[in-house]
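Chemist: Submitted below is the structure of interest, expressed as structure tokens.
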Amino acid sequence: MLRHIRPIWASLKRAIRAEWHGPADLPGSLTMEWRLITARWVGILIVGPALPFLNLPLDHLAAAYAILLFATAYNVIVRWWMQRRPDLFASGYVTTVCDSLLNIAMVSVGGGFNSPFSYILFTVTISVAMRYGYGPAMAMTLLFVSGDGMEKILTRQSPDVPFAFLSGFLVITTLLASYLRSLTIKAEVALHERLQELQRLYADLAVAHQELLSLDEAKTNFLANVSHELRTPLTSIRAFSEILLSYNDDEDVQREFLGIISAESDRLTRLVNDVLDVTKIESGKMDWRDERIDLVSLVDQCTRTFTPLLDQTELDFRLEVPATLPPITGDADRLQQVIHNLLNNAMKFTSDGTIALGVSVRGEWVHIAVSDTGVGIAASDQERVFEKFQQVGDTLTGKPKGTGLGLTICRDIVAYHGGQLMLDSYPGQGSTFTIVLPVARTERLAA
Ligand code: ADP
């Protein structure tokens, strides 16, 4: 016997579970409305068989079954329609009105508020509280209670204990169900906020991870570049010294080779110094001085070391510096290194014309501009020249010997001083590199 029942019970359970959960594509907003369909089936199944035992007059019994039949049809239609027009049911207004009307009809046919049918009212108020919370649920409850009271007054009965009980518990149930709803909403909101916070954290983590990956890649590239750049001068130093060792006839050739070795050693030293500078600045290990700097004398010093180099060329030099300038703060040696580097680049990349060094004050900023009438830099390369080991332009012919680190160091030093290194350049016409630095704080306050 049990053997036959078990599979039937199992498939029944499966069917009930499937009905309770509803179709897989049911929108989340309709979950409760869908569950209420099952609740209605349970109500219909309970009331249907119970009706004959309630000693109702025959016409009332017939009316009650008619309402039940209508309720069945209504539930079938709601179930069918909800899957096709979910928007119609999401608010729950339609079903709330229909449920209430059906239940009130059932209560009045079944003998009014004093009959067992009054329990049905609890399901209505609870479902309204679940859908809309305190306000509407209490309104519905008060509607029932006053309907009950009106019935009492019309039939000239005085409010009795059952009336007080029913009304009281209807109110309590409404309050509790509404409270439960508010708790659920709060929990849902908290959960949603937590989820959003987690999503934000996850996004931040992904970004940090990406940054670490690219940092790692940059480090690897940097190492590869440094090794490559070191190898070139080392190779020529080794080759020329080996030749020199076995070659001791011609003194001129010897001198020429020694000259090459010396130049390559210089280049090696410059490269090692630049690499040290970059790594020290970017790892935060650079020792910076923090002093008040007189810009006029800083520029003057740069000019004095630069003009002897320029004298060896055909280039003109123009200096435009006001007699007085507001002080800035920072490391004078490092800033001098920046200006010196820019002047050197200007000289390296200009075959004829003028190199100019100009200083001007604009509001709370000082602009130190180094311009040349040289080869210029294509717009597409202007951001790249500040990257490590980037040398642009015609790299095959006449590539000037440099490390490709100079502008990186310049930009880092200027950035450390709270400023910006900007570039304005047109190929064939020349370039202007402008150092923009903030005026010393106290000076700004005084202004
Ligand atoms: P390098 O030691 O090679 O000069 P930099 O970082 O100082 O390294 O410069 C990077 C590249 O930027 C140079 O190789 C050159 O292609 C370009 N550049 C820099 N300054 C100028 C300039 N004044 N005119 C034209 N090109 C320049």
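Ordering of the structure tokens sets the chain letters (A, B, ...), residue numbers begin anew at 1 in every chain, and ligands are numbered from 1 in the order given.
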Stretch 146-158 of chain A: which residues within 10 Å, counting only C-alpha atoms, same-chain residues fewer than 4 positions away excluded, as an MDAnalysis selection string?
Modeler: chainID A and resid 104 112:114 118 140:142 163:164 166:167
Chemist: What does the file look like for those residues with all heavy atoms, as a short mmCIF file (atom, residue, chain, number, x, y, z; two decimals), in the first residue's frame?
Modeler:
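Writing done, so here's part23.cif:
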data_model
loop_
_atom_site.label_atom_id
_atom_site.label_comp_id
_atom_site.auth_asym_id
_atom_site.auth_seq_id
_atom_site.Cartn_x
_atom_site.Cartn_y
_atom_site.Cartn_z
N ILE A 104 -15.27 39.77 1.52
CA ILE A 104 -16.40 40.42 2.20
C ILE A 104 -17.72 39.75 1.79
O ILE A 104 -18.59 39.48 2.62
CB ILE A 104 -16.42 41.93 1.87
CG1 ILE A 104 -15.22 42.60 2.56
CG2 ILE A 104 -17.71 42.57 2.35
CD1 ILE A 104 -15.01 44.04 2.15
N GLY A 112 -22.08 36.77 8.41
CA GLY A 112 -21.62 38.03 9.01
C GLY A 112 -20.39 37.87 9.90
O GLY A 112 -19.75 36.80 9.93
N PHE A 113 -20.12 38.92 10.59
CA PHE A 113 -18.88 38.98 11.35
C PHE A 113 -18.85 38.03 12.54
O PHE A 113 -17.81 37.74 13.08
CB PHE A 113 -18.62 40.43 11.81
CG PHE A 113 -18.28 41.33 10.68
CD1 PHE A 113 -19.26 42.09 10.05
CD2 PHE A 113 -16.99 41.40 10.20
CE1 PHE A 113 -18.96 42.91 8.99
CE2 PHE A 113 -16.68 42.22 9.13
CZ PHE A 113 -17.66 42.98 8.52
N ASN A 114 -20.03 37.55 12.95
CA ASN A 114 -20.04 36.64 14.10
C ASN A 114 -19.86 35.18 13.69
O ASN A 114 -19.69 34.31 14.54
CB ASN A 114 -21.35 36.79 14.88
CG ASN A 114 -21.32 38.08 15.68
OD1 ASN A 114 -20.25 38.58 16.00
ND2 ASN A 114 -22.50 38.63 15.95
N SER A 118 -15.58 35.05 9.62
CA SER A 118 -14.84 36.28 9.92
C SER A 118 -13.32 36.01 9.95
O SER A 118 -12.53 36.93 9.78
CB SER A 118 -15.31 36.85 11.26
OG SER A 118 -15.17 35.87 12.26
N MET A 140 -7.81 49.13 5.95
CA MET A 140 -8.63 47.97 5.63
C MET A 140 -9.25 47.39 6.90
O MET A 140 -10.44 47.07 6.96
CB MET A 140 -7.73 46.93 4.93
CG MET A 140 -8.39 45.65 4.51
SD MET A 140 -9.51 45.87 3.12
CE MET A 140 -8.42 46.17 1.79
N THR A 141 -8.42 47.29 7.94
CA THR A 141 -8.91 46.74 9.22
C THR A 141 -10.03 47.61 9.79
O THR A 141 -11.08 47.09 10.21
CB THR A 141 -7.74 46.68 10.22
OG1 THR A 141 -6.71 45.91 9.65
CG2 THR A 141 -8.16 46.06 11.53
N LEU A 142 -9.81 48.92 9.77
CA LEU A 142 -10.85 49.82 10.30
C LEU A 142 -12.13 49.72 9.48
O LEU A 142 -13.23 49.81 10.03
CB LEU A 142 -10.33 51.26 10.29
CG LEU A 142 -9.23 51.52 11.33
CD1 LEU A 142 -8.79 52.98 11.30
CD2 LEU A 142 -9.71 51.16 12.74
N PHE A 163 -17.31 40.86 19.43
CA PHE A 163 -17.00 42.00 18.56
C PHE A 163 -15.67 42.64 18.99
O PHE A 163 -14.79 42.91 18.17
CB PHE A 163 -18.12 43.05 18.64
CG PHE A 163 -17.77 44.35 17.99
CD1 PHE A 163 -17.72 44.47 16.60
CD2 PHE A 163 -17.42 45.47 18.75
CE1 PHE A 163 -17.39 45.67 15.99
CE2 PHE A 163 -17.08 46.67 18.15
CZ PHE A 163 -17.06 46.76 16.76
N ALA A 164 -15.54 42.85 20.32
CA ALA A 164 -14.31 43.46 20.83
C ALA A 164 -13.10 42.58 20.52
O ALA A 164 -12.03 43.06 20.09
CB ALA A 164 -14.43 43.70 22.33
N LEU A 166 -12.74 40.22 18.13
CA LEU A 166 -12.45 40.18 16.70
C LEU A 166 -11.74 41.46 16.28
O LEU A 166 -10.68 41.42 15.62
CB LEU A 166 -13.75 40.00 15.91
CG LEU A 166 -13.58 39.94 14.39
CD1 LEU A 166 -12.76 38.72 13.99
CD2 LEU A 166 -14.92 39.93 13.69
N SER A 167 -12.31 42.61 16.71
CA SER A 167 -11.72 43.89 16.31
C SER A 167 -10.29 44.01 16.84
O SER A 167 -9.36 44.37 16.11
CB SER A 167 -12.56 45.05 16.85
OG SER A 167 -13.90 44.86 16.51
#
Chemist: Could you list the protein, DNA and RNA residues that have any atom within 9 Å of ligand 1, counting only C-alpha atoms and all ligand atoms, and write them as number ranges by chain?
Modeler: A: 271, 341-350, 370-378, 381-382, 384-395, 399-410, 425, 427, 430-433
Chemist: So that I can check the surroundings of A:Leu180, please list as number ranges by chain every protein, DNA and RNA residue that reaches within 8 Å of it, counting only C-alpha atoms and ignoring chain neighbours fewer than 4 positions away.
Modeler: A: 130, 176, 184
Chemist: Write out as a list of chain:residue names which residues come within 10 Å of A:Ser182 when counting only C-alpha atoms, dropping same-chain ones fewer than 5 positions away.
Modeler: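 Result of the neighbour search: A:Ala129, A:Met130, A:Tyr132, A:Gly133, A:Tyr134, A:Leu176, A:Ala177, A:Ala187, A:Glu188.
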Chemist: Please write the residues from the selection above to a file, keeping C-alpha atoms, as a tab-separated table (two decimals), in the first residue's frame.
Modeler:
chain	number	residue	atom	x	y	z
A	129	ALA	CA	-0.09	44.49	5.43
A	130	MET	CA	2.47	42.31	3.60
A	132	TYR	CA	1.60	47.88	1.59
A	133	GLY	CA	2.47	48.15	5.29
A	134	TYR	CA	0.83	49.99	8.18
A	176	LEU	CA	2.35	42.62	13.61
A	177	ALA	CA	2.19	41.80	9.90
A	187	ALA	CA	16.85	44.05	5.95
A	188	GLU	CA	16.52	44.18	2.19
Chemist: Separation of atom CA of A:Ala62 and atom CA of A:Ser115, in Å?
Modeler: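 The value is 16.9 Å.
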Chemist: When DSSP is applied to the backbone of this structure, which of stretch 321-417 of chain A are assigned helix (DSSP H, G or I)? Write them out as a VMD selection string.
Modeler: chain A and resid 332 to 348 379 to 381 384 to 386 406 to 416
Chemist: Could you tell me how far atom CA of A:Thr72 lies from atom CA of A:Ile46, in Å and to one decimal?
Modeler: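 Separating atom CA of A:Thr72 from atom CA of A:Ile46 is a distance of 12.6 Å.
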Chemist: Could you tell me which of A:Leu30, A:Val189, A:Ile44, A:Ala64 comes closest to A:Arg131 if we count only C-alpha atoms?
Modeler: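 Under the stated criterion, the closest residue is A:Leu30.
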Chemist: Which residues are close to stretch 285-298 of chain A, i.e. within 12 Å by only C-alpha atoms, leaving aside same-chain residues fewer than 6 positions away? Reply as a PyMOL selection string.
Modeler: chain A and resi 276-279+304-305+319-340+358-361+366-368+409+412-413+416-417+437-443
